[in-house]
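Okay, final-v6.pdb now, which holds PDB, C-alpha atoms:
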ATOM      1  CA  MET P   1     189.323 157.619  45.301
ATOM      2  CA  LYS P   2     187.337 160.832  44.814
ATOM      3  CA  PRO P   3     183.552 160.733  45.216
ATOM      4  CA  ASP P   4     181.829 159.972  41.890
ATOM      5  CA  LYS P   5     178.496 158.572  40.683
ATOM      6  CA  LEU P   6     179.189 155.166  42.250
ATOM      7  CA  PHE P   7     180.011 156.876  45.531
ATOM      8  CA  ALA P   8     176.667 158.688  45.478
ATOM      9  CA  GLU P   9     174.928 155.355  44.858
ATOM     10  CA  MET P  10     176.815 153.521  47.586
ATOM     11  CA  PHE P  11     176.017 156.128  50.245
ATOM     12  CA  ALA P  12     172.558 157.141  48.997
ATOM     13  CA  GLY P  13     170.829 155.735  52.089
ATOM     14  CA  GLN P  14     173.160 157.443  54.559
ATOM     15  CA  ASP P  15     172.720 160.700  56.443
ATOM     16  CA  GLN P  16     174.656 163.101  54.190
ATOM     17  CA  LYS P  17     175.526 165.478  57.045
ATOM     18  CA  LEU P  18     177.153 162.715  59.064
ATOM     19  CA  LEU P  19     178.827 161.348  55.955
ATOM     20  CA  GLN P  20     180.326 164.750  55.231
ATOM     21  CA  ALA P  21     181.919 164.865  58.707
ATOM     22  CA  TRP P  22     183.285 161.327  58.310
ATOM     23  CA  ARG P  23     184.632 162.013  54.800
ATOM     24  CA  GLN P  24     186.786 164.811  56.219
ATOM     25  CA  ALA P  25     188.221 162.711  59.051
ATOM     26  CA  ILE P  26     191.559 160.973  59.398
ATOM     27  CA  VAL P  27     191.489 158.135  61.928
ATOM     28  CA  GLY P  28     194.537 156.280  63.243
ATOM     29  CA  ILE P  29     194.264 152.604  64.205
ATOM     30  CA  ALA P  30     197.122 151.307  66.358
ATOM     31  CA  GLY P  31     197.086 147.531  65.897
ATOM     32  CA  ALA P  32     195.397 145.375  63.256
ATOM     33  CA  GLY P  33     194.366 142.353  65.315
ATOM     34  CA  GLY P  34     190.942 141.406  66.676
ATOM     35  CA  LEU P  35     190.076 144.996  67.574
ATOM     36  CA  GLY P  36     191.876 146.916  64.818
ATOM     37  CA  SER P  37     190.773 144.792  61.879
ATOM     38  CA  ASN P  38     187.119 144.968  62.941
ATOM     39  CA  VAL P  39     187.324 148.727  63.606
ATOM     40  CA  ALA P  40     188.871 149.273  60.159
ATOM     41  CA  VAL P  41     186.075 147.351  58.415
ATOM     42  CA  ALA P  42     183.351 149.331  60.231
ATOM     43  CA  LEU P  43     184.996 152.706  59.540
ATOM     44  CA  THR P  44     185.601 151.910  55.867
ATOM     45  CA  ARG P  45     181.936 150.949  55.440
ATOM     46  CA  ALA P  46     180.954 154.234  57.128
ATOM     47  CA  GLY P  47     182.963 156.212  54.557
ATOM     48  CA  ILE P  48     185.781 157.659  56.726
ATOM     49  CA  GLY P  49     188.068 159.792  54.547
ATOM     50  CA  LYS P  50     191.370 158.255  55.556
ATOM     51  CA  LEU P  51     192.639 155.495  57.823
ATOM     52  CA  ILE P  52     196.207 155.179  59.078
ATOM     53  CA  ILE P  53     196.860 151.626  60.289
ATOM     54  CA  ALA P  54     200.028 150.271  61.935
ATOM     55  CA  ASP P  55     200.872 146.710  63.009
ATOM     56  CA  HIS P  56     204.162 144.782  62.798
ATOM     57  CA  ASP P  57     202.619 141.296  62.891
ATOM     58  CA  SER P  58     201.700 138.738  60.208
ATOM     59  CA  VAL P  59     198.448 136.804  59.872
ATOM     60  CA  SER P  60     198.499 133.432  61.685
ATOM     61  CA  LYS P  61     195.974 130.587  61.639
ATOM     62  CA  PRO P  62     194.721 131.244  65.210
ATOM     63  CA  ASN P  63     194.028 134.871  64.175
ATOM     64  CA  LEU P  64     191.277 133.585  61.869
ATOM     65  CA  THR P  65     189.070 132.759  64.879
ATOM     66  CA  ARG P  66     188.335 136.443  65.499
ATOM     67  CA  GLN P  67     190.204 138.776  63.153
ATOM     68  CA  GLN P  68     189.072 140.012  59.736
ATOM     69  CA  PHE P  69     191.475 137.912  57.689
ATOM     70  CA  PHE P  70     191.089 134.943  55.341
ATOM     71  CA  PHE P  71     192.717 131.533  55.294
ATOM     72  CA  ARG P  72     194.735 132.303  52.170
ATOM     73  CA  GLN P  73     196.163 135.437  53.822
ATOM     74  CA  VAL P  74     198.030 133.439  56.502
ATOM     75  CA  GLY P  75     201.669 134.561  56.503
ATOM     76  CA  LEU P  76     201.024 137.982  54.968
ATOM     77  CA  PRO P  77     201.724 141.168  56.940
ATOM     78  CA  LYS P  78     198.450 142.053  58.685
ATOM     79  CA  VAL P  79     198.389 145.602  57.343
ATOM     80  CA  ALA P  80     198.818 144.384  53.745
ATOM     81  CA  ALA P  81     196.089 141.744  54.118
ATOM     82  CA  LEU P  82     193.743 144.238  55.760
ATOM     83  CA  GLN P  83     194.428 146.869  53.108
ATOM     84  CA  ASP P  84     193.424 144.338  50.441
ATOM     85  CA  THR P  85     190.162 143.506  52.243
ATOM     86  CA  LEU P  86     189.263 147.155  52.867
ATOM     87  CA  ARG P  87     189.837 148.042  49.213
ATOM     88  CA  LYS P  88     187.402 145.287  48.251
ATOM     89  CA  ILE P  89     184.766 146.748  50.567
ATOM     90  CA  SER P  90     185.091 150.294  49.251
ATOM     91  CA  PRO P  91     187.584 152.321  47.219
ATOM     92  CA  TYR P  92     186.496 155.550  48.918
ATOM     93  CA  THR P  93     188.548 155.351  52.111
ATOM     94  CA  GLU P  94     192.169 156.363  51.615
ATOM     95  CA  LEU P  95     194.554 153.989  53.369
ATOM     96  CA  SER P  96     198.027 154.520  54.766
ATOM     97  CA  VAL P  97     199.556 151.400  56.300
ATOM     98  CA  TYR P  98     202.710 150.879  58.362
ATOM     99  CA  PRO P  99     204.066 147.349  58.926
ATOM    100  CA  GLN P 100     205.866 148.644  62.002
ATOM    101  CA  LYS P 101     205.837 148.253  65.756
ATOM    102  CA  ILE P 102     204.549 151.459  67.345
ATOM    103  CA  THR P 103     206.946 153.122  69.771
ATOM    104  CA  GLU P 104     207.081 156.353  71.757
ATOM    105  CA  GLN P 105     209.544 157.629  69.160
ATOM    106  CA  ASN P 106     207.640 156.835  65.940
ATOM    107  CA  LEU P 107     204.074 157.502  67.135
ATOM    108  CA  SER P 108     203.924 161.120  65.946
ATOM    109  CA  GLY P 109     205.523 160.214  62.601
ATOM    110  CA  ILE P 110     202.893 157.536  61.928
ATOM    111  CA  PHE P 111     199.745 159.021  63.502
ATOM    112  CA  GLY P 112     200.563 162.759  63.722
ATOM    113  CA  LYS P 113     197.950 163.663  61.089
ATOM    114  CA  ALA P 114     195.134 161.642  62.690
ATOM    115  CA  ASP P 115     192.192 163.548  64.198
ATOM    116  CA  LEU P 116     191.457 160.634  66.516
ATOM    117  CA  LEU P 117     193.364 157.486  67.523
ATOM    118  CA  ILE P 118     191.948 154.019  68.167
ATOM    119  CA  GLU P 119     194.057 151.939  70.565
ATOM    120  CA  ALA P 120     193.784 148.342  69.338
ATOM    121  CA  LEU P 121     196.957 146.808  70.764
ATOM    122  CA  ASP P 122     197.169 143.517  72.606
ATOM    123  CA  ASP P 123     199.611 144.010  75.459
ATOM    124  CA  ALA P 124     198.647 146.159  78.485
ATOM    125  CA  GLU P 125     202.117 147.708  78.646
ATOM    126  CA  GLN P 126     201.826 148.797  74.997
ATOM    127  CA  LYS P 127     198.337 150.176  75.630
ATOM    128  CA  GLU P 128     199.693 152.269  78.492
ATOM    129  CA  MET P 129     202.606 153.560  76.377
ATOM    130  CA  LEU P 130     200.281 154.495  73.527
ATOM    131  CA  ILE P 131     197.757 156.312  75.751
ATOM    132  CA  GLU P 132     200.453 158.193  77.699
ATOM    133  CA  THR P 133     202.347 159.236  74.576
ATOM    134  CA  TRP P 134     199.240 160.305  72.618
ATOM    135  CA  GLN P 135     197.806 162.233  75.556
ATOM    136  CA  SER P 136     201.051 164.117  76.168
ATOM    137  CA  LEU P 137     201.584 164.913  72.469
ATOM    138  CA  TYR P 138     197.952 165.733  71.611
ATOM    139  CA  PRO P 139     195.940 166.273  74.826
ATOM    140  CA  GLU P 140     193.064 167.844  72.877
ATOM    141  CA  ARG P 141     192.643 164.944  70.413
ATOM    142  CA  TYR P 142     190.482 161.936  71.243
ATOM    143  CA  ILE P 143     191.874 158.458  71.894
ATOM    144  CA  ILE P 144     189.584 155.437  72.218
ATOM    145  CA  ALA P 145     191.197 152.497  74.007
ATOM    146  CA  ALA P 146     189.924 149.030  74.932
ATOM    147  CA  SER P 147     190.446 147.115  78.151
ATOM    148  CA  GLY P 148     188.783 143.857  79.160
ATOM    149  CA  ILE P 149     187.603 141.999  76.075
ATOM    150  CA  GLY P 150     188.281 138.335  76.944
ATOM    151  CA  GLY P 151     185.807 135.474  77.151
ATOM    152  CA  VAL P 152     182.285 135.011  75.888
ATOM    153  CA  GLY P 153     178.901 136.525  76.793
ATOM    154  CA  LYS P 154     178.821 139.074  79.644
ATOM    155  CA  ASN P 155     177.242 141.691  77.387
ATOM    156  CA  GLU P 156     176.029 143.613  80.437
ATOM    157  CA  LEU P 157     179.593 144.311  81.621
ATOM    158  CA  LEU P 158     180.684 146.092  78.450
ATOM    159  CA  HIS P 159     180.670 149.863  78.797
ATOM    160  CA  THR P 160     182.530 153.097  78.032
ATOM    161  CA  GLU P 161     184.531 155.164  80.538
ATOM    162  CA  GLN P 162     185.447 158.744  79.723
ATOM    163  CA  MET P 163     188.317 160.726  81.218
ATOM    164  CA  GLY P 164     188.370 163.958  79.208
ATOM    165  CA  THR P 165     189.574 163.165  75.683
ATOM    166  CA  LEU P 166     190.430 159.586  76.694
ATOM    167  CA  PHE P 167     187.765 156.877  76.362
ATOM    168  CA  ILE P 168     188.166 153.262  77.454
ATOM    169  CA  VAL P 169     185.742 150.636  76.163
ATOM    170  CA  GLY P 170     185.402 147.082  77.507
ATOM    171  CA  ASP P 171     184.534 145.421  80.799
ATOM    172  CA  GLY P 172     187.689 146.518  82.631
ATOM    173  CA  VAL P 173     188.098 143.040  84.163
ATOM    174  CA  SER P 174     188.332 140.183  81.625
ATOM    175  CA  GLU P 175     191.962 139.492  80.837
ATOM    176  CA  ILE P 176     192.999 137.190  78.037
ATOM    177  CA  GLN P 177     194.876 134.413  79.792
ATOM    178  CA  PRO P 178     194.750 130.617  80.011
ATOM    179  CA  GLY P 179     191.099 129.644  80.366
ATOM    180  CA  GLU P 180     189.863 133.050  79.167
ATOM    181  CA  SER P 181     190.536 133.163  75.450
ATOM    182  CA  PRO P 182     189.587 135.916  73.052
ATOM    183  CA  VAL P 183     186.405 134.949  71.188
ATOM    184  CA  SER P 184     185.195 136.333  67.861
ATOM    185  CA  ALA P 185     181.848 137.772  68.903
ATOM    186  CA  ARG P 186     182.935 139.601  72.068
ATOM    187  CA  VAL P 187     186.113 141.013  70.502
ATOM    188  CA  ALA P 188     184.043 142.284  67.556
ATOM    189  CA  VAL P 189     181.455 143.842  69.901
ATOM    190  CA  VAL P 190     184.161 145.843  71.694
ATOM    191  CA  ALA P 191     185.789 146.808  68.375
ATOM    192  CA  ASN P 192     182.464 148.034  67.082
ATOM    193  CA  MET P 193     181.838 149.942  70.323
ATOM    194  CA  GLN P 194     185.135 151.717  69.610
ATOM    195  CA  ALA P 195     184.147 152.383  65.979
ATOM    196  CA  ASN P 196     180.643 153.499  66.996
ATOM    197  CA  LEU P 197     182.024 155.981  69.537
ATOM    198  CA  CYS P 198     184.580 157.206  66.979
ATOM    199  CA  LEU P 199     181.812 157.999  64.468
ATOM    200  CA  GLU P 200     179.755 159.706  67.169
ATOM    201  CA  LEU P 201     182.692 161.934  68.213
ATOM    202  CA  LEU P 202     183.674 162.807  64.642
ATOM    203  CA  ALA P 203     180.087 163.820  63.877
ATOM    204  CA  GLY P 204     180.125 166.100  66.938
ATOM    205  CA  LEU P 205     177.204 164.213  68.496
ATOM    206  CA  ARG P 206     179.033 163.974  71.829
ATOM    207  CA  LYS P 207     182.079 165.505  73.474
TER
ATOM    208  CA  MET H   1     183.190 169.467  99.859
ATOM    209  CA  ASN H   2     185.487 168.819 102.798
ATOM    210  CA  ALA H   3     188.772 170.480 101.817
ATOM    211  CA  ALA H   4     190.911 167.802 103.479
ATOM    212  CA  GLN H   5     189.691 165.132 101.102
ATOM    213  CA  ILE H   6     190.210 164.024  97.525
ATOM    214  CA  THR H   7     187.920 162.016  95.269
ATOM    215  CA  VAL H   8     189.262 158.828  93.702
ATOM    216  CA  ASN H   9     186.979 157.099  91.181
ATOM    217  CA  GLY H  10     184.010 158.637  92.969
ATOM    218  CA  HIS H  11     185.158 157.648  96.493
ATOM    219  CA  GLN H  12     186.210 160.302  99.004
ATOM    220  CA  ILE H  13     189.425 159.615 100.878
ATOM    221  CA  PRO H  14     191.423 161.756 103.345
ATOM    222  CA  TRP H  15     194.004 164.059 101.821
ATOM    223  CA  GLN H  16     197.426 164.672 103.371
ATOM    224  CA  GLU H  17     199.965 167.393 102.754
ATOM    225  CA  GLY H  18     202.516 166.236 100.149
ATOM    226  CA  MET H  19     200.372 163.288  99.011
ATOM    227  CA  THR H  20     201.699 161.921  95.683
ATOM    228  CA  VAL H  21     199.902 159.908  93.006
ATOM    229  CA  ARG H  22     201.759 156.829  94.303
ATOM    230  CA  ALA H  23     200.472 157.483  97.836
ATOM    231  CA  VAL H  24     196.905 157.671  96.510
ATOM    232  CA  LEU H  25     197.319 154.271  94.831
ATOM    233  CA  HIS H  26     198.584 152.883  98.159
ATOM    234  CA  ALA H  27     195.694 154.386 100.061
ATOM    235  CA  MET H  28     193.249 152.787  97.611
ATOM    236  CA  ASN H  29     195.067 149.410  97.648
ATOM    237  CA  TYR H  30     195.351 149.522  93.851
ATOM    238  CA  SER H  31     198.046 147.009  92.968
ATOM    239  CA  PHE H  32     197.613 146.522  89.212
ATOM    240  CA  ARG H  33     200.745 147.373  87.265
ATOM    241  CA  MET H  34     199.128 148.884  84.174
ATOM    242  CA  LEU H  35     197.071 151.905  85.011
ATOM    243  CA  VAL H  36     195.972 155.148  83.449
ATOM    244  CA  ILE H  37     195.713 157.952  85.978
ATOM    245  CA  LYS H  38     194.270 161.421  85.616
ATOM    246  CA  VAL H  39     194.446 164.118  88.274
ATOM    247  CA  ASP H  40     191.935 166.922  87.704
ATOM    248  CA  GLY H  41     191.619 165.801  84.102
ATOM    249  CA  LYS H  42     195.336 165.741  83.320
ATOM    250  CA  LEU H  43     197.086 162.447  82.614
ATOM    251  CA  VAL H  44     200.032 161.660  84.883
ATOM    252  CA  LYS H  45     202.654 159.388  83.300
ATOM    253  CA  LYS H  46     203.837 156.380  85.260
ATOM    254  CA  GLU H  47     207.364 157.819  85.568
ATOM    255  CA  ASP H  48     205.853 160.800  87.399
ATOM    256  CA  TRP H  49     203.681 158.947  89.940
ATOM    257  CA  ASP H  50     206.294 159.351  92.706
ATOM    258  CA  SER H  51     206.933 163.022  92.067
ATOM    259  CA  THR H  52     203.469 164.375  91.218
ATOM    260  CA  PRO H  53     201.604 165.851  94.180
ATOM    261  CA  VAL H  54     197.832 165.464  94.338
ATOM    262  CA  PRO H  55     196.337 168.789  95.403
ATOM    263  CA  ARG H  56     193.756 169.108  98.170
ATOM    264  CA  GLY H  57     190.248 168.531  96.838
ATOM    265  CA  ALA H  58     191.547 166.910  93.633
ATOM    266  CA  GLU H  59     189.502 164.598  91.464
ATOM    267  CA  VAL H  60     191.528 161.471  90.617
ATOM    268  CA  SER H  61     190.534 158.866  88.018
ATOM    269  CA  VAL H  62     192.313 155.524  87.916
ATOM    270  CA  TYR H  63     191.637 152.986  85.204
ATOM    271  CA  HIS H  64     193.080 149.494  84.974
ATOM    272  CA  LEU H  65     194.476 148.411  81.590
ATOM    273  CA  ILE H  66     194.097 144.772  80.676
ATOM    274  CA  SER H  67     195.819 142.862  77.885
ATOM    275  CA  GLY H  68     193.790 141.684  74.915
ATOM    276  CA  GLY H  69     193.334 143.132  71.467
TER
END
Would it be possible to restate this file's structure as structure tokens?
Amino acid sequence: MKPDKLFAEMFAGQDQKLLQAWRQAIVGIAGAGGLGSNVAVALTRAGIGKLIIADHDSVSKPNLTRQQFFFRQVGLPKVAALQDTLRKISPYTELSVYPQKITEQNLSGIFGKADLLIEALDDAEQKEMLIETWQSLYPERYIIAASGIGGVGKNELLHTEQMGTLFIVGDGVSEIQPGESPVSARVAVVANMQANLCLELLAGLRK
Amino acid sequence: MNAAQITVNGHQIPWQEGMTVRAVLHAMNYSFRMLVIKVDGKLVKKEDWDSTPVPRGAEVSVYHLISGG
């Protein structure tokens, strides 16, 4: 939706210079689980111009413990459920959703127009594939990945590593495995660290 | 900097002629399967770890990828 009077009212309290940079941006979100759904909510509230979101999964009951979905959305494709929620938050972020598994082959077709990519996948092997493929296709474009989000507490361990245009957020150690489950608060903190860094980069406040 | 060394995640280790990315991982005892590796700022894909030489004085970054999203 194009900016109108309601848009001006919604964003009246925001820094208009930052908002202008975010309005022009296209951000890709690979995965719409605990990380991706929380990133998408934060970026929609910030007024990002367009989000491209891909995930092949459907909403399950256990997802509700940490992902931005509702009980009545169980069984729906995650991207469809998330699209519905984001539209309710704000009509001003354009959405393009793909209910597809991301592969080396389809990555450029789905995310080729994105200025920046958020890695929000679950499996380490998939994370590696996404980072390698994005960095070889678009070495000059930012990618913000997450690694080490399991468990509860341990705020002090969460941090950001930078390797050129690649950023990795998380604690780098906490794997999700038996006894170390993903928990709402910590997953959302890491997701919002990704979103926060994304906004900072798009506004040119860091390189 | 000593020319016969490389830097891996901030640690200096001895460099040898013909040293590959794989050899650096061995030297550092890094055994995790899922890694992101950059040599002098350029990402080296896993399929190229055995064939990519690490030049003398190189700066190598290795980051461990962990499941969870």
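Picked out by the PyMOL selection byres ((chain H) within 12 of (chain P)) when it runs on this file: Asn9, Phe32, Arg33, Met34, Leu35, Val36, Ile37, Lys38, Val39, Asp40, Gly41, Lys42, Leu43, Val44, Lys45, Lys46, Glu47, Asp48, Glu59, Val60, Ser61, Val62, Tyr63, His64, Leu65, Ile66, Ser67, Gly68 and Gly69 of chain H.
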Serialized selection, C-alpha atoms, as an mmCIF file, keeping the file's coordinate frame:
data_model
loop_
_atom_site.group_PDB
_atom_site.id
_atom_site.type_symbol
_atom_site.label_atom_id
_atom_site.label_comp_id
_atom_site.auth_asym_id
_atom_site.auth_seq_id
_atom_site.Cartn_x
_atom_site.Cartn_y
_atom_site.Cartn_z
ATOM 1 C CA ASN H 9 186.979 157.099 91.181
ATOM 2 C CA PHE H 32 197.613 146.522 89.212
ATOM 3 C CA ARG H 33 200.745 147.373 87.265
ATOM 4 C CA MET H 34 199.128 148.884 84.174
ATOM 5 C CA LEU H 35 197.071 151.905 85.011
ATOM 6 C CA VAL H 36 195.972 155.148 83.449
ATOM 7 C CA ILE H 37 195.713 157.952 85.978
ATOM 8 C CA LYS H 38 194.270 161.421 85.616
ATOM 9 C CA VAL H 39 194.446 164.118 88.274
ATOM 10 C CA ASP H 40 191.935 166.922 87.704
ATOM 11 C CA GLY H 41 191.619 165.801 84.102
ATOM 12 C CA LYS H 42 195.336 165.741 83.320
ATOM 13 C CA LEU H 43 197.086 162.447 82.614
ATOM 14 C CA VAL H 44 200.032 161.660 84.883
ATOM 15 C CA LYS H 45 202.654 159.388 83.300
ATOM 16 C CA LYS H 46 203.837 156.380 85.260
ATOM 17 C CA GLU H 47 207.364 157.819 85.568
ATOM 18 C CA ASP H 48 205.853 160.800 87.399
ATOM 19 C CA GLU H 59 189.502 164.598 91.464
ATOM 20 C CA VAL H 60 191.528 161.471 90.617
ATOM 21 C CA SER H 61 190.534 158.866 88.018
ATOM 22 C CA VAL H 62 192.313 155.524 87.916
ATOM 23 C CA TYR H 63 191.637 152.986 85.204
ATOM 24 C CA HIS H 64 193.080 149.494 84.974
ATOM 25 C CA LEU H 65 194.476 148.411 81.590
ATOM 26 C CA ILE H 66 194.097 144.772 80.676
ATOM 27 C CA SER H 67 195.819 142.862 77.885
ATOM 28 C CA GLY H 68 193.790 141.684 74.915
ATOM 29 C CA GLY H 69 193.334 143.132 71.467
#
Here's a test: counting only C-alpha atoms, identify every protein, DNA and RNA residue with an atom at most 10 Å from (195.2, 150.3, 56.3) in the file's coordinate frame, and state them as a VMD selection string.
chain P and resid 28 to 29 32 36 to 37 40 to 41 44 50 to 55 78 to 87 93 to 99
Selected residues written out, C-alpha atoms, as a compact mmCIF listing (two decimals), in the coordinates of the input:
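Printed below is out_4.txt as written:
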# COMPACT_ATOMS: atom_id res chain seq x y z
CA GLY P 28 194.54 156.28 63.24
CA ILE P 29 194.26 152.60 64.20
CA ALA P 32 195.40 145.38 63.26
CA GLY P 36 191.88 146.92 64.82
CA SER P 37 190.77 144.79 61.88
CA ALA P 40 188.87 149.27 60.16
CA VAL P 41 186.08 147.35 58.42
CA THR P 44 185.60 151.91 55.87
CA LYS P 50 191.37 158.26 55.56
CA LEU P 51 192.64 155.50 57.82
CA ILE P 52 196.21 155.18 59.08
CA ILE P 53 196.86 151.63 60.29
CA ALA P 54 200.03 150.27 61.94
CA ASP P 55 200.87 146.71 63.01
CA LYS P 78 198.45 142.05 58.68
CA VAL P 79 198.39 145.60 57.34
CA ALA P 80 198.82 144.38 53.74
CA ALA P 81 196.09 141.74 54.12
CA LEU P 82 193.74 144.24 55.76
CA GLN P 83 194.43 146.87 53.11
CA ASP P 84 193.42 144.34 50.44
CA THR P 85 190.16 143.51 52.24
CA LEU P 86 189.26 147.16 52.87
CA ARG P 87 189.84 148.04 49.21
CA THR P 93 188.55 155.35 52.11
CA GLU P 94 192.17 156.36 51.62
CA LEU P 95 194.55 153.99 53.37
CA SER P 96 198.03 154.52 54.77
CA VAL P 97 199.56 151.40 56.30
CA TYR P 98 202.71 150.88 58.36
CA PRO P 99 204.07 147.35 58.93
Atomic separation - atom CA of Arg72 of chain P relative to atom CA of Ile89 of chain P, Å:
17.6 Å
Point-to-point distance from atom CA of Phe167 of chain P to atom CA of Arg141 of chain P, Å rounded to tenths:
11.1 Å
Spatial neighbours of Gly204 of chain P, max dist 12 Å, only C-alpha atoms, sep filter under 4 positions, as an MDAnalysis selection string
chainID P and resid 17:18 20:22 25 142 197:200
Could you name the residues that touch segment 11-24 of chain H at 6 Å or less, counting only C-alpha atoms, but leaving out those on the same chain fewer than 4 positions away, as a PDB file with C-alpha atoms, in the coordinates of the input?
ATOM      1  CA  ALA H   4     190.911 167.802 103.479  1.00  0.00           C
ATOM      2  CA  GLN H   5     189.691 165.132 101.102  1.00  0.00           C
ATOM      3  CA  ILE H   6     190.210 164.024  97.525  1.00  0.00           C
ATOM      4  CA  THR H   7     187.920 162.016  95.269  1.00  0.00           C
ATOM      5  CA  TRP H  49     203.681 158.947  89.940  1.00  0.00           C
ATOM      6  CA  ASP H  50     206.294 159.351  92.706  1.00  0.00           C
ATOM      7  CA  THR H  52     203.469 164.375  91.218  1.00  0.00           C
ATOM      8  CA  PRO H  53     201.604 165.851  94.180  1.00  0.00           C
ATOM      9  CA  VAL H  54     197.832 165.464  94.338  1.00  0.00           C
TER      10      VAL H  54
END
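Here atom CA of Tyr92 of chain P and atom CA of Ile48 of chain P stand 8.1 Å from one another.
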Run through the PyMOL selection byres ((chain P and resi 57-65) around 7) on the given coordinates and return the selected residues as a PyMOL selection string.
chain P and resi 55-56+66-67+69-70+73-78+184
Okay, now the selection with C-alpha atoms, as a short mmCIF file (atom, residue, chain, number, x, y, z; two decimals), in the frame of the given file?
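The result, written out as selection07.cif:
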data_model
loop_
_atom_site.label_atom_id
_atom_site.label_comp_id
_atom_site.auth_asym_id
_atom_site.auth_seq_id
_atom_site.Cartn_x
_atom_site.Cartn_y
_atom_site.Cartn_z
CA ASP P 55 200.87 146.71 63.01
CA HIS P 56 204.16 144.78 62.80
CA ARG P 66 188.34 136.44 65.50
CA GLN P 67 190.20 138.78 63.15
CA PHE P 69 191.48 137.91 57.69
CA PHE P 70 191.09 134.94 55.34
CA GLN P 73 196.16 135.44 53.82
CA VAL P 74 198.03 133.44 56.50
CA GLY P 75 201.67 134.56 56.50
CA LEU P 76 201.02 137.98 54.97
CA PRO P 77 201.72 141.17 56.94
CA LYS P 78 198.45 142.05 58.68
CA SER P 184 185.20 136.33 67.86
#
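For Ala8 of chain P, the list of residues within 12 Å, based on all atoms listed in the file and with local chain neighbours fewer than 6 positions off taken out, reads Lys2, Gln14, Asp15, Gln16, Leu19, Gly47 and Tyr92 of chain P.
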How would the residues just chosen look if you wrote them out with C-alpha atoms as a PDB file, in the coordinates of the input?
ATOM      1  CA  LYS P   2     187.337 160.832  44.814  1.00  0.00           C
ATOM      2  CA  GLN P  14     173.160 157.443  54.559  1.00  0.00           C
ATOM      3  CA  ASP P  15     172.720 160.700  56.443  1.00  0.00           C
ATOM      4  CA  GLN P  16     174.656 163.101  54.190  1.00  0.00           C
ATOM      5  CA  LEU P  19     178.827 161.348  55.955  1.00  0.00           C
ATOM      6  CA  GLY P  47     182.963 156.212  54.557  1.00  0.00           C
ATOM      7  CA  TYR P  92     186.496 155.550  48.918  1.00  0.00           C
TER       8      TYR P  92
END
Hey, can I get the axis-aligned box for segment 127-133 of chain P? All listed atoms, 4 Å padding on each side, centre and edge lengths in Å to one decimal, as lines of an AutoDock Vina configuration file.
center_x = 200.2
center_y = 154.7
center_z = 76.0
size_x = 12.8
size_y = 17.1
size_z = 13.0
Within 6 Å of (193.4, 161.2, 61.3) in the file's own coordinates, which protein, DNA or RNA residues have an atom, counting all atoms listed in the file? List them as a tab-separated table (two decimals) with C-alpha atoms, in the coordinates of the input.
chain	number	residue	atom	x	y	z
P	25	ALA	CA	188.22	162.71	59.05
P	26	ILE	CA	191.56	160.97	59.40
P	27	VAL	CA	191.49	158.14	61.93
P	28	GLY	CA	194.54	156.28	63.24
P	113	LYS	CA	197.95	163.66	61.09
P	114	ALA	CA	195.13	161.64	62.69
P	115	ASP	CA	192.19	163.55	64.20
P	116	LEU	CA	191.46	160.63	66.52
